[in-house]
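These notes are about the structure you will find just below.
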Amino acid sequence: MKKIYWRPKAVSQVALVLIAGLSLVGLAVVELVPMTEQRPYYQEKLAASELAARAMEQIYYARLEQGPEIDASVDPAQSGLIGVPMSPVTSVSGDLVSKQTSINPNFAAILVEMLRRSGVKAGDAVAVGCSGSFPALNICVYAALETLNVKPLAISSAAGSQWGANVPGLLWIDMERILAEKNIFTIRSLAVSPGGFEDRGLGLSDQGLQMIQEAIDRNGLPRIGTDDFQQNIEQRMQIYYRNAGRHAIRAYINVGGGTVSVGRSIGKHMFHPGLNQRAPKHLYRLDGVMPRFMKESVPVIHLVQIPTLAEQHGLPLTPNSVPEVGEAPIFIGTTYNPWLAGATLVIILATLYGFIRSDVGFRLLRVSSPRRDRGYPEPMI
């Protein structure tokens, strides 16, 4: 059955301007009146960051006890997690801005999100390569793993770069032990390597190597490392899979730029900072722990270029104090208000209908005109 409806012969310019203006006003309202909402995994992110904050506080007290005195000019947050410019256990030069930026417990929330995006669930195994160069990031990694209730498989390097965990009596493996003794973390490294060039202690003095061995002994950890680069990779992979047991390794987290972990210097740049779920080009040319996991389709989280990671997630660079937990876009963000956007769309559609499919708009904005095409609306079939 055919229906009759009324439609003007043409839409007046006044009506078109009105519709356009109404659309612009609606767009401005939707843009200027956003709504805030909790990001996915909010509670887990908050719990992990709070745990990381507690751990950092404990290391602050340990540093006060151990010394040397915290230098506010290099550690403006007064965290105690920034080391010294040089010591016998310093492996390579380091970037102070990266070390300062890493002093943020909210990195734990970023790791929770990356692990969840990797598909990691409670009970899965996650392999970790910890670096003595970034003790604050190691803490955030452990906090995320503890919160998600996964099976952690950590291997650490003892030496640290400039401004890292390079205080001889307070290496990363010392911090790890202290946090376990304080019941902050249950995670302990499965093994420890000396660190340094190619993770073999190259570049360290005899005194430095002796200090590292003493630290390994006092922390009761098995030492790994050979003079062969490929064997060092094999050794780590065997430890990971042997300790994973029946648990599937669902992700690998690399902290810093250890050559055995990332695959020499080319590996540092082949993977981008953060979560890598797809293998980069020419991966076949690279060998290392991280490339091997990637070849097995295991997602890897590459914690390097820390200022870049911080900026990507809205974290401050070189904070003057340890940031408060939850003060980051990773927890709460802004989005468009769907109700407001929907109401604006309905109003625009109703206006279009009124001027194009009915005579309501014509009656409201009736303008006399000698032109025939602007006459009174005619019935349409």
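Each chain of the structure tokens is named A, B, ... in the order shown, its residues numbered from 1; ligands are numbered from 1 in display order.
Here the residues within stretch 145-231 of chain A that DSSP labels strand (DSSP E or B) on the basis of the backbone are Lys151, Pro152, Leu153, Ala154, Ile155, Ser156, Ser157, Gly160, Asn166, Val167, Leu170, Leu171, Ala191, Val192, Ser193, Gly195, Phe197, Arg200, Leu202 and Arg223 of chain A.
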Just the residues within 10 Å of A:Ser118, please, counting only C-alpha atoms, with nothing from its chain fewer than 2 positions along; format it as a PDB file with C-alpha atoms, in the first residue's frame.
```
ATOM      1  CA  VAL A 112      49.525  -5.338  34.493  1.00  0.00           C
ATOM      2  CA  GLU A 113      47.868  -3.998  31.358  1.00  0.00           C
ATOM      3  CA  MET A 114      50.590  -5.348  29.060  1.00  0.00           C
ATOM      4  CA  LEU A 115      50.437  -8.777  30.678  1.00  0.00           C
ATOM      5  CA  ARG A 116      46.651  -8.888  30.404  1.00  0.00           C
ATOM      6  CA  VAL A 120      48.372 -13.915  30.755  1.00  0.00           C
ATOM      7  CA  LYS A 121      46.037 -15.422  33.360  1.00  0.00           C
ATOM      8  CA  ARG A 250      52.803 -16.993  28.301  1.00  0.00           C
ATOM      9  CA  ALA A 251      55.100 -13.944  28.272  1.00  0.00           C
ATOM     10  CA  TYR A 252      58.698 -12.837  28.667  1.00  0.00           C
ATOM     11  CA  LEU A 275      54.627  -4.980  24.455  1.00  0.00           C
ATOM     12  CA  ASN A 276      55.765  -6.832  21.326  1.00  0.00           C
ATOM     13  CA  GLN A 277      53.245  -9.388  20.079  1.00  0.00           C
ATOM     14  CA  VAL A 298      55.510 -15.860  23.142  1.00  0.00           C
ATOM     15  CA  PRO A 299      54.767 -12.121  23.586  1.00  0.00           C
ATOM     16  CA  VAL A 300      57.651 -10.119  25.012  1.00  0.00           C
ATOM     17  CA  ILE A 301      57.605  -6.928  27.080  1.00  0.00           C
TER      18      ILE A 301
END
```
Problem set entry | Spatial neighbours of A:Ser102, 7 Å, only C-alpha atoms, chain gap at least 6 places, as a ChimeraX atom specification | /A:136-137,306
For C-alpha atoms, I'd like the residues from the last selection saved as a PDB file, in the first residue's frame.
```
ATOM      1  CA  ALA A 136      62.728   0.231  40.400  1.00  0.00           C
ATOM      2  CA  LEU A 137      61.433  -1.445  37.224  1.00  0.00           C
ATOM      3  CA  ILE A 306      62.028   4.475  29.791  1.00  0.00           C
TER       4      ILE A 306
END
```
From the DSSP assignment of the backbone, select every residue of stretch 113-286 of chain A that is helix (DSSP H, G or I), and format the answer as a short mmCIF file (atom, residue, chain, number, x, y, z; two decimals) with N, CA and C atoms, in the first residue's frame.
```cif
data_model
loop_
_atom_site.label_atom_id
_atom_site.label_comp_id
_atom_site.auth_asym_id
_atom_site.auth_seq_id
_atom_site.Cartn_x
_atom_site.Cartn_y
_atom_site.Cartn_z
N GLU A 113 48.61 -4.11 32.61
CA GLU A 113 47.87 -4.00 31.36
C GLU A 113 48.55 -4.76 30.23
N MET A 114 49.87 -4.64 30.12
CA MET A 114 50.59 -5.35 29.06
C MET A 114 50.47 -6.86 29.21
N LEU A 115 50.56 -7.34 30.45
CA LEU A 115 50.44 -8.78 30.68
C LEU A 115 49.03 -9.26 30.35
N ARG A 116 48.02 -8.50 30.73
CA ARG A 116 46.65 -8.89 30.40
C ARG A 116 46.42 -8.88 28.90
N ARG A 117 46.97 -7.88 28.22
CA ARG A 117 46.84 -7.83 26.76
C ARG A 117 47.58 -8.98 26.10
N PRO A 135 66.56 -1.21 39.20
CA PRO A 135 65.90 -1.90 40.32
C PRO A 135 64.44 -1.48 40.51
N ALA A 136 64.12 -0.22 40.23
CA ALA A 136 62.73 0.23 40.40
C ALA A 136 61.80 -0.50 39.43
N LEU A 137 62.25 -0.72 38.19
CA LEU A 137 61.43 -1.44 37.22
C LEU A 137 61.33 -2.92 37.61
N ASN A 138 62.41 -3.49 38.14
CA ASN A 138 62.32 -4.88 38.63
C ASN A 138 61.24 -4.99 39.70
N ILE A 139 61.18 -4.01 40.58
CA ILE A 139 60.17 -4.00 41.64
C ILE A 139 58.77 -3.95 41.03
N CYS A 140 58.58 -3.10 40.03
CA CYS A 140 57.26 -3.00 39.40
C CYS A 140 56.88 -4.30 38.69
N VAL A 141 57.85 -4.95 38.08
CA VAL A 141 57.59 -6.24 37.44
C VAL A 141 57.13 -7.26 38.48
N TYR A 142 57.86 -7.36 39.58
CA TYR A 142 57.50 -8.31 40.63
C TYR A 142 56.12 -8.00 41.20
N ALA A 143 55.83 -6.71 41.39
CA ALA A 143 54.53 -6.32 41.95
C ALA A 143 53.40 -6.75 41.02
N ALA A 144 53.59 -6.57 39.71
CA ALA A 144 52.56 -6.98 38.74
C ALA A 144 52.38 -8.49 38.75
N LEU A 145 53.48 -9.24 38.80
CA LEU A 145 53.40 -10.70 38.79
C LEU A 145 52.73 -11.23 40.06
N GLU A 146 53.08 -10.66 41.20
CA GLU A 146 52.45 -11.08 42.46
C GLU A 146 50.95 -10.80 42.44
N THR A 147 50.57 -9.64 41.92
CA THR A 147 49.16 -9.25 41.90
C THR A 147 48.34 -10.16 40.99
N LEU A 148 48.91 -10.53 39.85
CA LEU A 148 48.19 -11.36 38.89
C LEU A 148 48.25 -12.85 39.24
N TRP A 172 70.94 -5.39 43.23
CA TRP A 172 69.55 -5.78 43.03
C TRP A 172 69.21 -7.08 43.75
N ILE A 173 70.13 -8.04 43.72
CA ILE A 173 69.83 -9.32 44.38
C ILE A 173 69.75 -9.16 45.89
N ASP A 174 70.43 -8.13 46.45
CA ASP A 174 70.26 -7.81 47.87
C ASP A 174 68.87 -7.23 48.11
N MET A 175 68.46 -6.32 47.26
CA MET A 175 67.12 -5.73 47.38
C MET A 175 66.05 -6.80 47.29
N GLU A 176 66.21 -7.71 46.35
CA GLU A 176 65.24 -8.79 46.17
C GLU A 176 65.11 -9.62 47.44
N ARG A 177 66.26 -9.94 48.06
CA ARG A 177 66.24 -10.71 49.31
C ARG A 177 65.56 -9.93 50.43
N ILE A 178 65.88 -8.65 50.55
CA ILE A 178 65.28 -7.81 51.59
C ILE A 178 63.76 -7.78 51.45
N LEU A 179 63.28 -7.64 50.24
CA LEU A 179 61.83 -7.57 50.01
C LEU A 179 61.15 -8.90 50.31
N ALA A 180 61.86 -9.99 50.09
CA ALA A 180 61.30 -11.30 50.46
C ALA A 180 61.28 -11.45 51.98
N GLU A 181 62.34 -11.01 52.65
CA GLU A 181 62.39 -11.10 54.11
C GLU A 181 61.33 -10.22 54.76
N ASP A 206 88.84 -6.99 38.93
CA ASP A 206 88.88 -8.18 39.80
C ASP A 206 88.17 -7.89 41.12
N GLN A 207 88.34 -6.68 41.62
CA GLN A 207 87.66 -6.32 42.86
C GLN A 207 86.14 -6.35 42.66
N GLY A 208 85.68 -5.81 41.53
CA GLY A 208 84.25 -5.82 41.26
C GLY A 208 83.70 -7.23 41.13
N LEU A 209 84.42 -8.11 40.43
CA LEU A 209 83.98 -9.50 40.29
C LEU A 209 83.94 -10.20 41.64
N GLN A 210 84.90 -9.88 42.51
CA GLN A 210 84.90 -10.48 43.84
C GLN A 210 83.69 -10.00 44.64
N MET A 211 83.37 -8.72 44.56
CA MET A 211 82.20 -8.18 45.26
C MET A 211 80.91 -8.82 44.76
N ILE A 212 80.85 -9.05 43.48
CA ILE A 212 79.64 -9.68 42.91
C ILE A 212 79.51 -11.11 43.40
N GLN A 213 80.63 -11.83 43.44
CA GLN A 213 80.57 -13.21 43.93
C GLN A 213 80.16 -13.24 45.39
N GLU A 214 80.64 -12.29 46.18
CA GLU A 214 80.24 -12.23 47.60
C GLU A 214 78.74 -11.96 47.72
N ALA A 215 78.21 -11.11 46.85
CA ALA A 215 76.78 -10.81 46.88
C ALA A 215 75.96 -12.03 46.49
N ILE A 216 76.42 -12.77 45.51
CA ILE A 216 75.73 -13.99 45.10
C ILE A 216 75.72 -15.00 46.23
N ASP A 217 76.85 -15.11 46.91
CA ASP A 217 76.96 -16.07 48.01
C ASP A 217 76.06 -15.68 49.19
N ARG A 218 76.06 -14.40 49.58
CA ARG A 218 75.27 -14.00 50.74
C ARG A 218 73.76 -14.06 50.48
N PHE A 229 78.72 -17.06 24.36
CA PHE A 229 77.47 -16.32 24.28
C PHE A 229 76.28 -17.25 24.04
N GLN A 230 76.40 -18.17 23.11
CA GLN A 230 75.30 -19.08 22.79
C GLN A 230 74.98 -19.99 23.97
N GLN A 231 75.99 -20.43 24.66
CA GLN A 231 75.75 -21.29 25.82
C GLN A 231 75.02 -20.54 26.93
N ASN A 232 75.31 -19.25 27.07
CA ASN A 232 74.60 -18.45 28.07
C ASN A 232 73.10 -18.37 27.75
N ILE A 233 72.80 -18.24 26.47
CA ILE A 233 71.38 -18.22 26.06
C ILE A 233 70.73 -19.56 26.37
N GLU A 234 71.40 -20.63 25.97
CA GLU A 234 70.86 -21.97 26.21
C GLU A 234 70.64 -22.22 27.70
N GLN A 235 71.58 -21.78 28.49
CA GLN A 235 71.51 -21.99 29.93
C GLN A 235 70.25 -21.33 30.51
N ARG A 236 70.00 -20.12 30.10
CA ARG A 236 68.81 -19.41 30.59
C ARG A 236 67.52 -20.07 30.12
N MET A 237 67.47 -20.45 28.86
CA MET A 237 66.24 -21.07 28.34
C MET A 237 65.95 -22.38 29.06
N GLN A 238 66.98 -23.14 29.36
CA GLN A 238 66.79 -24.41 30.08
C GLN A 238 66.25 -24.15 31.48
N ILE A 239 66.78 -23.12 32.15
CA ILE A 239 66.29 -22.80 33.50
C ILE A 239 64.83 -22.40 33.46
N TYR A 240 64.46 -21.58 32.49
CA TYR A 240 63.07 -21.14 32.39
C TYR A 240 62.13 -22.33 32.18
N TYR A 241 62.43 -23.16 31.21
CA TYR A 241 61.50 -24.25 30.89
C TYR A 241 61.51 -25.35 31.93
N ARG A 242 62.67 -25.59 32.55
CA ARG A 242 62.71 -26.61 33.60
C ARG A 242 61.88 -26.19 34.80
N ASN A 243 61.93 -24.92 35.16
CA ASN A 243 61.18 -24.44 36.32
C ASN A 243 59.72 -24.13 36.00
N ALA A 244 59.39 -23.97 34.74
CA ALA A 244 57.99 -23.76 34.37
C ALA A 244 57.17 -25.01 34.62
N THR A 259 72.68 -8.07 26.88
CA THR A 259 72.89 -8.63 25.54
C THR A 259 72.38 -10.05 25.41
N VAL A 260 72.56 -10.87 26.44
CA VAL A 260 72.07 -12.26 26.36
C VAL A 260 70.55 -12.27 26.27
N SER A 261 69.91 -11.34 26.92
CA SER A 261 68.46 -11.28 26.90
C SER A 261 67.93 -10.75 25.58
N VAL A 262 68.46 -9.60 25.12
CA VAL A 262 67.89 -8.96 23.93
C VAL A 262 68.53 -9.41 22.63
N ARG A 264 72.35 -9.03 21.72
CA ARG A 264 73.38 -8.05 21.36
C ARG A 264 72.75 -6.71 20.97
N SER A 265 73.55 -5.81 20.42
CA SER A 265 73.10 -4.43 20.21
C SER A 265 71.96 -4.33 19.21
N ILE A 266 71.94 -5.17 18.19
CA ILE A 266 70.88 -5.08 17.19
C ILE A 266 69.52 -5.40 17.78
N GLY A 267 69.50 -6.28 18.79
CA GLY A 267 68.24 -6.65 19.42
C GLY A 267 67.63 -5.52 20.22
N LYS A 268 68.47 -4.61 20.72
CA LYS A 268 67.95 -3.49 21.50
C LYS A 268 67.06 -2.59 20.65
N HIS A 269 67.33 -2.56 19.35
CA HIS A 269 66.59 -1.66 18.46
C HIS A 269 65.57 -2.39 17.59
N MET A 270 65.69 -3.70 17.49
CA MET A 270 64.76 -4.44 16.65
C MET A 270 63.39 -4.54 17.29
N LEU A 283 64.02 -11.30 12.13
CA LEU A 283 64.26 -11.89 13.44
C LEU A 283 65.19 -13.10 13.35
N TYR A 284 65.17 -13.77 12.19
CA TYR A 284 66.00 -14.96 12.01
C TYR A 284 67.49 -14.64 12.15
N ARG A 285 67.86 -13.37 11.99
CA ARG A 285 69.27 -12.98 12.09
C ARG A 285 69.72 -12.80 13.53
#
```
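In terms of minimum interatomic distance to A:Gly342, A:Gly26 ranks closest within A:Pro76, A:Leu18, A:Gly26, A:Ile184, counting only C-alpha atoms.
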Exercise. Leaving out A:Ala53 and any residue of its chain fewer than 4 positions from it, which residues lie within 12 Å of it when counting only C-alpha atoms, given as a count of residues only?
Worked result: 30
